[in-house]
>>> print(open('start.txt').read())   # compact mmCIF, C-alpha atoms
# COMPACT_ATOMS: atom_id res chain seq x y z
CA MET A 25 75.21 120.39 163.40
CA SER A 26 71.91 118.52 163.21
CA ALA A 27 72.56 116.59 159.91
CA THR A 28 75.44 115.00 158.02
CA ALA A 29 77.34 117.17 155.54
CA ARG A 30 76.86 115.12 152.35
CA LEU A 31 73.60 113.19 152.59
CA THR A 32 71.93 115.45 155.21
CA LEU A 33 71.01 112.50 157.37
CA PRO A 34 69.54 113.65 160.73
CA TYR A 35 71.63 113.19 163.86
CA ILE A 36 70.11 111.88 167.08
CA ALA A 37 70.45 114.69 169.61
CA PRO A 38 71.63 114.07 173.16
CA GLN A 39 68.76 113.03 175.51
CA GLN A 40 66.36 113.18 172.54
CA ALA A 41 62.98 111.61 173.05
CA GLN A 42 61.61 109.17 170.48
CA LYS A 43 65.07 108.58 169.00
CA GLN A 44 63.57 105.96 166.71
CA VAL A 45 61.91 108.69 164.64
CA THR A 46 65.21 110.33 163.79
CA TYR A 47 66.85 106.97 163.22
CA ASN A 48 64.07 105.82 160.92
CA GLN A 49 64.27 109.08 158.95
CA ALA A 50 67.98 108.48 158.40
CA MET A 51 67.38 104.87 157.35
CA ALA A 52 64.69 105.97 154.88
CA ALA A 53 67.06 108.52 153.38
CA LEU A 54 69.80 105.93 153.06
CA ASP A 55 67.36 103.52 151.42
CA GLN A 56 66.54 106.24 148.92
CA LEU A 57 70.07 107.43 148.16
CA VAL A 58 72.37 104.40 148.42
CA GLN A 59 72.66 102.51 145.08
CA PRO A 60 69.94 104.80 143.68
CA SER A 61 67.72 103.43 140.91
CA VAL A 62 65.01 105.68 139.47
CA LYS A 63 62.15 104.73 137.16
CA SER A 64 62.64 107.77 134.95
CA ARG A 65 64.25 111.21 134.78
CA THR A 66 61.86 112.76 132.28
CA VAL A 67 58.50 112.44 134.07
CA THR A 68 57.22 115.91 135.07
CA ALA A 69 54.01 115.08 136.95
CA PRO A 70 53.61 112.69 139.90
CA PRO A 71 52.25 109.29 138.76
CA GLY A 72 48.76 108.44 139.91
CA SER A 73 49.31 105.22 141.87
CA PRO A 74 52.94 104.98 142.97
CA ALA A 75 54.15 101.95 144.90
CA GLU A 76 56.05 102.27 148.13
CA GLY A 77 59.68 103.14 147.35
CA ASP A 78 59.07 104.24 143.74
CA THR A 79 61.72 106.84 142.97
CA TYR A 80 62.05 109.36 140.12
CA ILE A 81 64.38 112.17 139.15
CA VAL A 82 61.92 114.99 138.66
CA GLY A 83 61.82 116.14 135.04
CA PRO A 84 62.10 119.78 133.93
CA SER A 85 59.18 122.20 134.51
CA ALA A 86 57.47 119.76 136.86
CA THR A 87 53.88 120.26 137.98
CA GLY A 88 51.56 119.31 140.85
CA ALA A 89 53.26 118.01 143.97
CA TRP A 90 56.55 118.07 142.08
CA ALA A 91 56.41 121.74 141.12
CA GLY A 92 59.72 123.47 141.83
CA LYS A 93 61.48 120.15 142.45
CA ASP A 94 63.18 119.81 139.04
CA GLY A 95 66.24 117.51 139.13
CA LYS A 96 65.58 116.27 142.68
CA PHE A 97 64.99 112.71 143.82
CA ALA A 98 61.28 112.12 144.49
CA CYS A 99 60.52 108.94 146.47
CA TRP A 100 57.04 107.73 147.49
CA LEU A 101 57.32 106.88 151.20
CA SER A 102 54.50 106.33 153.68
CA GLY A 103 51.88 107.88 151.42
CA ALA A 104 53.81 111.06 150.50
CA TRP A 105 56.58 112.25 148.23
CA SER A 106 59.99 112.64 149.87
CA PHE A 107 62.47 114.86 148.02
CA ARG A 108 66.26 114.85 148.14
CA THR A 109 68.54 117.40 146.51
CA PRO A 110 71.49 115.76 144.69
CA ALA A 111 75.04 117.11 144.77
CA ASP A 112 77.40 117.36 141.78
CA GLY A 113 78.77 113.95 140.86
CA TRP A 114 75.87 111.90 142.22
CA LEU A 115 74.99 108.93 140.04
CA ALA A 116 71.72 107.11 139.46
CA TYR A 117 70.57 104.22 137.28
CA VAL A 118 67.60 105.20 135.09
CA VAL A 119 65.41 102.18 134.36
CA ASP A 120 63.35 103.40 131.39
CA THR A 121 66.42 104.45 129.36
CA ALA A 122 68.83 101.81 130.73
CA GLU A 123 71.51 104.36 131.52
CA ILE A 124 73.60 105.71 134.35
CA ALA A 125 73.02 109.45 134.75
CA VAL A 126 75.27 111.95 136.51
CA CYS A 127 74.25 115.22 138.18
CA GLN A 128 76.20 118.35 137.31
CA SER A 129 75.11 121.86 138.31
CA GLY A 130 71.63 120.58 139.09
CA ALA A 131 71.14 118.95 135.66
CA TRP A 132 71.29 115.26 134.80
CA SER A 133 72.98 113.77 131.73
CA PRO A 134 73.90 110.24 130.57
CA LEU A 135 77.21 108.86 131.78
CA VAL A 136 77.17 105.22 130.63
CA SER A 137 74.49 103.48 128.61
CA ASN A 138 73.57 99.84 128.12
CA GLY A 139 70.84 100.56 125.62
CA GLY A 140 70.16 104.28 125.83
CA ALA A 141 71.61 107.28 124.02
CA GLY A 142 75.16 106.52 125.14
CA VAL A 143 77.98 108.39 126.78
CA ALA A 144 79.15 111.56 125.03
CA LYS A 145 82.87 110.68 125.25
CA PHE A 146 84.99 108.00 126.87
CA GLY A 147 88.71 107.83 127.55
CA ILE A 148 90.70 104.77 128.64
CA ASN A 149 94.01 105.74 130.22
CA THR A 150 93.86 109.05 128.32
CA THR A 151 91.59 112.04 127.77
CA ALA A 152 88.78 111.93 125.22
CA ASP A 153 87.47 115.07 123.53
CA LEU A 154 84.59 116.05 121.28
CA THR A 155 86.57 115.03 118.17
CA ASN A 156 88.15 111.86 119.54
CA ARG A 157 85.14 110.81 121.59
CA LEU A 158 86.64 107.36 122.19
CA ALA A 159 90.33 107.50 123.14
CA VAL A 160 92.52 104.59 124.25
CA ALA A 161 96.14 104.72 125.44
CA ALA A 162 97.53 101.18 125.53
CA ASP A 163 100.13 98.87 124.00
CA ALA A 164 97.38 96.98 122.20
CA SER A 165 93.61 96.86 121.71
CA LEU A 166 91.53 93.75 121.16
CA PHE A 167 88.17 93.51 119.43
CA THR A 168 87.07 89.88 119.41
CA HIS A 169 84.04 87.77 118.53
CA THR A 170 81.27 86.54 120.80
CA GLY A 171 81.19 83.10 119.25
CA THR A 172 81.53 83.47 115.47
CA SER A 173 82.69 86.51 113.51
CA HIS A 174 83.69 90.09 114.23
CA ARG A 175 83.41 92.97 111.76
CA MET A 176 84.67 96.49 112.42
CA LYS A 177 82.74 99.19 110.56
CA LEU A 178 83.70 102.73 109.57
CA ASN A 179 80.66 104.59 108.23
CA LYS A 180 80.65 108.00 106.53
CA ALA A 181 77.73 110.29 105.77
CA SER A 182 78.24 110.67 102.00
CA ALA A 183 80.59 109.72 99.17
CA ALA A 184 82.46 113.03 99.41
CA ASP A 185 83.36 112.37 103.06
CA THR A 186 86.10 110.12 104.43
CA ALA A 187 86.06 106.76 106.21
CA SER A 188 89.67 105.62 106.67
CA LEU A 189 92.39 104.32 108.93
CA LEU A 190 95.15 106.88 109.53
CA PHE A 191 98.55 105.69 110.76
CA GLN A 192 100.65 108.32 112.53
CA ASP A 193 104.19 108.88 113.78
CA ASN A 194 104.11 111.15 116.86
CA PHE A 195 100.63 112.31 115.77
CA SER A 196 101.83 113.15 112.24
CA GLY A 197 100.21 111.16 109.42
CA ARG A 198 102.35 108.67 107.52
CA ALA A 199 99.84 106.32 105.85
CA GLU A 200 96.10 106.27 105.17
CA PHE A 201 93.86 103.50 103.90
CA GLY A 202 90.16 103.72 103.15
CA LEU A 203 87.44 105.70 101.38
CA ALA A 204 88.92 109.19 101.03
CA GLY A 205 86.69 111.66 99.20
CA ASP A 206 84.80 109.05 97.16
CA ASP A 207 83.79 105.39 97.36
CA ALA A 208 86.97 103.90 95.85
CA VAL A 209 89.63 102.37 98.11
CA HIS A 210 92.70 104.61 98.40
CA VAL A 211 96.16 103.85 99.80
CA LYS A 212 98.26 106.95 100.53
CA VAL A 213 101.59 107.62 102.23
CA SER A 214 103.33 110.74 103.50
CA PRO A 215 106.88 111.59 104.61
CA ASN A 216 105.79 114.47 106.85
CA GLY A 217 102.03 114.50 107.40
CA SER A 218 101.37 117.27 104.87
CA SER A 219 102.63 115.99 101.50
CA TRP A 220 100.74 112.88 100.43
CA TYR A 221 101.36 110.36 97.64
CA GLU A 222 98.54 108.13 96.49
CA ALA A 223 100.06 104.77 95.67
CA LEU A 224 97.02 102.67 94.81
CA THR A 225 93.28 102.91 94.19
CA ILE A 226 90.67 100.18 93.71
CA ALA A 227 87.53 101.17 91.80
CA GLN A 228 84.38 100.29 93.71
CA GLY A 229 82.41 99.50 90.56
CA SER A 230 84.86 97.11 88.91
CA GLY A 231 87.59 96.14 91.37
CA LEU A 232 90.21 97.41 88.92
CA VAL A 233 93.51 98.41 90.53
CA THR A 234 95.14 101.70 89.48
CA LEU A 235 98.65 102.93 90.29
CA PRO A 236 98.29 106.75 90.23
CA ILE A 237 102.07 107.31 90.33
CA GLY A 238 102.44 104.74 87.55
CA GLN A 239 105.28 102.74 89.06
CA LEU A 240 105.52 99.34 90.73
CA ALA A 241 108.89 98.42 92.25
CA PHE A 242 110.26 94.89 92.51
CA PRO A 243 113.28 93.98 94.68
CA ALA A 244 116.74 93.98 93.12
CA ALA A 245 117.15 90.32 94.07
CA GLN A 246 114.41 88.31 92.42
CA ASN A 247 112.06 86.29 94.61
CA PRO A 248 110.67 83.78 92.09
CA SER A 249 107.26 82.21 92.60
CA ALA A 250 106.29 78.63 91.77
CA ASN A 251 102.85 79.87 90.73
CA ALA A 252 102.71 80.24 86.96
CA ASN A 253 100.11 83.03 87.28
CA THR A 254 102.15 85.21 89.65
CA LEU A 255 104.14 88.21 88.39
CA ASP A 256 107.27 88.13 90.52
CA ASP A 257 109.90 90.25 88.74
CA TYR A 258 110.49 93.27 86.53
CA GLU A 259 113.93 94.52 85.59
CA GLU A 260 115.62 96.71 82.99
CA GLY A 261 119.37 96.66 82.38
CA THR A 262 122.34 96.37 80.09
CA TRP A 263 124.70 93.50 79.36
CA THR A 264 127.91 93.01 77.43
CA PRO A 265 127.68 90.49 74.58
CA GLY A 266 130.73 88.68 73.29
CA MET A 267 131.59 85.86 70.86
CA THR A 268 133.30 82.53 70.72
CA PHE A 269 134.23 80.31 67.76
CA GLY A 270 134.29 76.62 68.58
CA GLY A 271 134.17 77.64 72.26
CA SER A 272 137.26 79.87 72.05
CA ALA A 273 137.33 83.66 72.50
CA ALA A 274 141.09 83.91 71.89
CA GLY A 275 142.16 87.01 70.02
CA ILE A 276 138.67 88.37 69.35
CA ALA A 277 138.58 92.17 69.40
CA TYR A 278 135.61 94.55 69.19
CA SER A 279 134.88 98.13 68.29
CA ALA A 280 131.36 97.91 69.77
CA GLN A 281 129.72 95.63 72.36
CA TYR A 282 126.30 96.69 73.49
CA GLY A 283 123.26 94.91 74.89
CA ASN A 284 120.12 95.81 76.83
CA TYR A 285 117.19 93.84 78.19
CA VAL A 286 113.78 94.04 79.86
CA LYS A 287 112.71 91.13 82.08
CA ILE A 288 109.04 90.67 82.99
CA GLY A 289 108.52 87.66 85.19
CA ARG A 290 110.51 84.93 83.38
CA LEU A 291 110.23 86.49 79.93
CA VAL A 292 113.42 88.29 78.82
CA PHE A 293 113.42 90.71 75.87
CA PHE A 294 116.92 91.54 74.63
CA ASN A 295 118.78 93.55 72.01
CA LEU A 296 122.47 93.42 71.13
CA TYR A 297 124.97 94.92 68.71
CA LEU A 298 128.49 93.62 68.05
CA ALA A 299 131.19 95.03 65.74
CA LEU A 300 134.46 93.09 65.41
CA THR A 301 137.91 94.29 64.49
CA SER A 302 139.32 90.74 64.72
CA ASN A 303 137.63 87.37 64.80
CA GLY A 304 140.56 85.89 66.71
CA SER A 305 142.14 82.48 66.33
CA GLY A 306 139.25 80.21 67.24
CA THR A 307 137.54 78.05 64.66
CA GLY A 308 134.14 76.42 64.53
CA ALA A 309 130.57 77.35 65.44
CA ALA A 310 129.84 81.05 66.00
CA VAL A 311 128.18 81.70 69.38
CA VAL A 312 127.16 84.95 71.12
CA THR A 313 127.82 84.90 74.87
CA GLY A 314 126.77 86.90 77.91
CA LEU A 315 122.95 86.83 78.03
CA PRO A 316 121.87 88.38 81.33
CA PHE A 317 119.87 85.32 82.49
CA ALA A 318 120.18 81.62 81.81
CA SER A 319 117.42 80.32 79.57
CA ASP A 320 114.90 77.69 80.55
CA GLY A 321 116.45 74.21 80.58
CA SER A 322 113.50 72.43 78.98
CA GLY A 323 115.42 71.92 75.73
CA VAL A 324 113.30 74.39 73.79
CA GLY A 325 115.24 77.42 72.56
CA SER A 326 113.98 80.76 71.23
CA THR A 327 114.98 82.45 67.99
CA ALA A 328 116.47 85.90 67.66
CA THR A 329 116.14 88.09 64.59
CA MET A 330 119.28 89.55 63.00
CA SER A 331 118.05 93.00 62.06
CA ILE A 332 121.29 94.28 60.51
CA TRP A 333 124.55 92.63 59.48
CA GLY A 334 127.63 93.41 57.50
CA GLY A 335 131.19 92.20 56.88
CA MET A 336 130.06 88.58 56.60
CA SER A 337 131.17 85.99 54.07
CA GLY A 338 129.45 82.99 52.50
CA VAL A 339 126.10 83.58 54.14
CA VAL A 340 123.32 81.54 52.53
CA GLY A 341 119.76 82.52 53.44
CA THR A 342 119.01 84.72 56.51
CA PRO A 343 121.25 84.90 59.59
CA VAL A 344 119.31 84.10 62.79
CA GLY A 345 120.13 83.44 66.40
CA LEU A 346 118.99 80.47 68.50
CA VAL A 347 119.01 80.87 72.29
CA ASN A 348 120.51 77.70 73.70
CA ALA A 349 118.43 75.86 76.30
CA GLY A 350 119.72 76.12 79.86
CA ALA A 351 122.52 78.52 78.85
CA THR A 352 123.41 82.21 78.43
CA THR A 353 124.45 81.83 74.79
CA ILE A 354 123.00 82.30 71.30
CA SER A 355 124.08 80.07 68.43
CA LEU A 356 124.24 81.82 65.04
CA ASN A 357 122.68 80.02 62.10
CA MET A 358 121.86 80.58 58.44
CA SER A 359 118.20 79.84 57.77
CA GLY A 360 117.26 78.82 54.23
CA ALA A 361 113.98 77.86 52.62
CA THR A 362 114.23 74.19 53.58
CA ALA A 363 117.10 73.91 56.11
CA HIS A 364 119.52 75.81 58.27
CA ALA A 365 123.27 75.66 58.76
CA VAL A 366 125.56 76.67 61.62
CA MET A 367 127.54 79.86 61.08
CA THR A 368 131.27 79.63 61.78
CA ASP A 369 134.38 81.79 61.90
CA THR A 370 134.49 81.63 58.10
CA ASN A 371 131.21 83.55 57.94
CA ILE A 372 132.06 86.10 60.68
CA THR A 373 135.05 88.04 59.32
CA ASN A 374 137.43 90.44 61.06
CA SER A 375 135.13 93.35 60.10
CA ALA A 376 131.75 91.71 60.80
CA SER A 377 129.00 93.61 62.59
CA PHE A 378 125.42 92.63 63.36
CA GLY A 379 122.44 93.29 65.61
CA LEU A 380 120.15 90.71 67.20
CA SER A 381 116.84 91.11 69.01
CA GLY A 382 114.55 88.52 70.49
CA CYS A 383 113.08 87.09 73.66
CA TYR A 384 113.35 83.88 75.62
CA LEU A 385 112.05 82.25 78.80
CA ALA A 386 114.52 82.45 81.66
CA ALA A 387 115.13 79.58 84.01
CA SER A 388 113.68 81.62 86.91
>>> encode(input="start.txt", output="structure tokens")
Amino acid sequence: MSATARLTLPYIAPQQAQKQVTYNQAMAALDQLVQPSVKSRTVTAPPGSPAEGDTYIVGPSATGAWAGKDGKFACWLSGAWSFRTPADGWLAYVVDTAEIAVCQSGAWSPLVSNGGAGVAKFGINTTADLTNRLAVAADASLFTHTGTSHRMKLNKASAADTASLLFQDNFSGRAEFGLAGDDAVHVKVSPNGSSWYEALTIAQGSGLVTLPIGQLAFPAAQNPSANANTLDDYEEGTWTPGMTFGGSAAGIAYSAQYGNYVKIGRLVFFNLYLALTSNGSGTGAAVVTGLPFASDGSGVGSTATMSIWGGMSGVVGTPVGLVNAGATTISLNMSGATAHAVMTDTNITNSASFGLSGCYLAAS
């Protein structure tokens, strides 16, 4: 063997004369091939005034002294072009495109760029493909600033395309956020990766928020906010109204006790219907009990309208209800043209029935 297997560097033969010639040839080849940097890989004709050591990867369909040398290293040494044939996997830095090129099957293509066309795909701890051209397998990824801000951009070709973040469970989609099929912001979720539910959209032209499913759930246990402009609760339910006379519920019996409510933030809308079969043994002011939430304790009550009533005695004017401040009770009153009076057990007979509806501000 007269040359090395990979770089074809000439060996010095035993008892060879002028060994320095062979040695110098090997050194020149090493100088050309180790840490190779070429001026270009697209030039197809030898430049007119090359400097000593100027190296090129010969471009396709080369002419002149480079004819038939496509893809080879051409280095100007001692007044002539020296050519080297690369092997698969050889790398070279290309100055005019600021890229690292790799040789494969005699052809050169970009591997890593610092200003050129860029690498076709790149995998970190995993395999990239032509769809996922950048692939990372890691516990975390960090994109940080270089002194001030950092903005990540997802760009799509047209409004009908998609630019979104897709969150997966074992490579099956569970949530998606972004511009999906138009230029509005969409938030979607899926239980299985195939059935999707769009929970929220934000119109790009107005910023208006839409709930496509039409429902917004609040927790069963209220989490009140101190901010007066924050909606923190919504609830629908039923409650059981009752009565007391002078604070006593002794002996009171009913044929109907029904109440329902809707609570939005601190505002409670309620309805109730009571029908008595006995007004019991208590005496004094008539009070409805059992409101689902204590009212605001500011000292300001809210009125309730008595829509229907019957079986009452001695009522002067219109029966109304007054929600007591800081309590879950409603005092019954008779409202006249110039004054009102408290209703008592004498007004609410054994066969009395009535309905009340109103609203009040809850304590929280």
>>> closest_residue(input="start.txt", among="A:Leu300, A:Ala349, A:Ala365, A:Ser388", to="Asp257 of chain A", atoms="all atoms listed in the file")
A:Ser388
>>> closest_residue(input="start.txt", among="A:Val62, A:Val67, A:Val312, A:Cys383", to="Tyr285 of chain A", atoms="all atoms listed in the file")
A:Cys383
>>> closest_residue(input="start.txt", among="A:Met176, A:Leu356, A:Ala227, A:Val82", to="Ala310 of chain A", atoms="all atoms listed in the file")
A:Leu356
>>> residues_around(input="start.txt", residues="Val213 of chain A", least_positions_apart="6", cutoff="8 Å", atoms="all atoms listed in the file", output="PDB file with C-alpha atoms, in the frame of the given file")
ATOM      1  CA  ARG A 198     102.350 108.670 107.520  1.00  0.00           C
ATOM      2  CA  ALA A 199      99.840 106.320 105.850  1.00  0.00           C
ATOM      3  CA  GLU A 200      96.100 106.270 105.170  1.00  0.00           C
ATOM      4  CA  TRP A 220     100.740 112.880 100.430  1.00  0.00           C
ATOM      5  CA  TYR A 221     101.360 110.360  97.640  1.00  0.00           C
ATOM      6  CA  GLU A 222      98.540 108.130  96.490  1.00  0.00           C
ATOM      7  CA  ALA A 223     100.060 104.770  95.670  1.00  0.00           C
TER       8      ALA A 223
END
>>> closest_residue(input="start.txt", among="A:Gly321, A:Pro60, A:Gly271, A:Gly103", to="Val118 of chain A", atoms="all atoms listed in the file")
A:Pro60
>>> atom_distance(input="start.txt", atom1="atom CA of Met330 of chain A", atom2="atom CA of Glu259 of chain A")
23.7 Å
>>> residues_around(input="start.txt", residues="Val292 of chain A", least_positions_apart="4", cutoff="12 Å", atoms="all atoms listed in the file", output="list in words")
Asp257, Tyr258, Glu259, Glu260, Gly261, Asn284, Tyr285, Val286, Lys287, Ile288, Leu315, Pro316, Phe317, Ala318, Ser319, Asp320, Ser326, Ala328, Val347, Thr352, Ser381, Gly382, Cys383, Tyr384, Leu385, Ala386, Ala387 and Ser388 of chain A
>>> residues_around(input="start.txt", residues="Ser355 of chain A", least_positions_apart="5", cutoff="9 Å", atoms="all atoms listed in the file", output="list in words")
Ala309, Ala310, Val311, Val312, Thr313, Val344, Gly345, Leu346, Val347, Asn348, Val366 and Met367 of chain A
>>> closest_residue(input="start.txt", among="A:Pro343, A:Asp206, A:His169, A:Thr150", to="Gly360 of chain A", atoms="only C-alpha atoms")
A:Pro343
>>> closest_residue(input="start.txt", among="A:Asn303, A:Asn371, A:Gly217, A:Thr66", to="Phe195 of chain A", atoms="only C-alpha atoms")
A:Gly217
>>> residues_around(input="start.txt", residues="Trp90 of chain A", least_positions_apart="2", cutoff="12 Å", atoms="only C-alpha atoms", output="list of chain:residue names")
A:Val67, A:Thr68, A:Ala69, A:Pro70, A:Pro71, A:Tyr80, A:Ile81, A:Val82, A:Gly83, A:Pro84, A:Ser85, A:Ala86, A:Thr87, A:Gly88, A:Gly92, A:Lys93, A:Asp94, A:Gly95, A:Lys96, A:Phe97, A:Ala98, A:Cys99, A:Trp100, A:Ala104, A:Trp105, A:Ser106, A:Phe107, A:Arg108
>>> atom_distance(input="start.txt", atom1="atom CA of His210 of chain A", atom2="atom CA of Ser188 of chain A")
8.9 Å
>>> atom_distance(input="start.txt", atom1="atom CA of Ala161 of chain A", atom2="atom CA of Asn149 of chain A")
5.3 Å
>>> residues_around(input="start.txt", residues="Leu154 of chain A", least_positions_apart="4", cutoff="9 Å", atoms="only C-alpha atoms", output="list of chain:residue names")
A:Ala144, A:Lys145, A:Leu158
>>> build_atoms(input="start.txt", residues="segment 363-374 of chain A", atoms="N, CA and C atoms", output="short mmCIF file (atom, residue, chain, number, x, y, z; two decimals), in the coordinates of the input")
data_model
loop_
_atom_site.label_atom_id
_atom_site.label_comp_id
_atom_site.auth_asym_id
_atom_site.auth_seq_id
_atom_site.Cartn_x
_atom_site.Cartn_y
_atom_site.Cartn_z
N ALA A 363 116.21 74.40 55.06
CA ALA A 363 117.10 73.91 56.11
C ALA A 363 117.90 75.08 56.67
N HIS A 364 118.64 74.79 57.72
CA HIS A 364 119.52 75.81 58.27
C HIS A 364 120.89 75.21 58.51
N ALA A 365 121.89 76.11 58.54
CA ALA A 365 123.27 75.66 58.76
C ALA A 365 123.92 76.53 59.83
N VAL A 366 124.85 75.95 60.57
CA VAL A 366 125.56 76.67 61.62
C VAL A 366 126.54 77.65 61.00
N MET A 367 126.54 78.88 61.51
CA MET A 367 127.54 79.86 61.08
C MET A 367 128.82 79.63 61.85
N THR A 368 129.96 79.87 61.17
CA THR A 368 131.27 79.63 61.78
C THR A 368 132.15 80.85 61.63
N ASP A 369 133.41 80.70 62.02
CA ASP A 369 134.38 81.79 61.90
C ASP A 369 134.59 82.19 60.46
N THR A 370 134.32 81.27 59.51
CA THR A 370 134.49 81.63 58.10
C THR A 370 133.42 82.60 57.62
N ASN A 371 132.29 82.62 58.30
CA ASN A 371 131.21 83.55 57.94
C ASN A 371 131.36 84.89 58.65
N ILE A 372 131.91 84.87 59.88
CA ILE A 372 132.06 86.10 60.68
C ILE A 372 133.50 86.58 60.49
N THR A 373 133.70 87.58 59.65
CA THR A 373 135.05 88.04 59.32
C THR A 373 135.56 89.01 60.37
N ASN A 374 136.82 89.48 60.14
CA ASN A 374 137.43 90.44 61.06
C ASN A 374 136.66 91.76 61.14
#
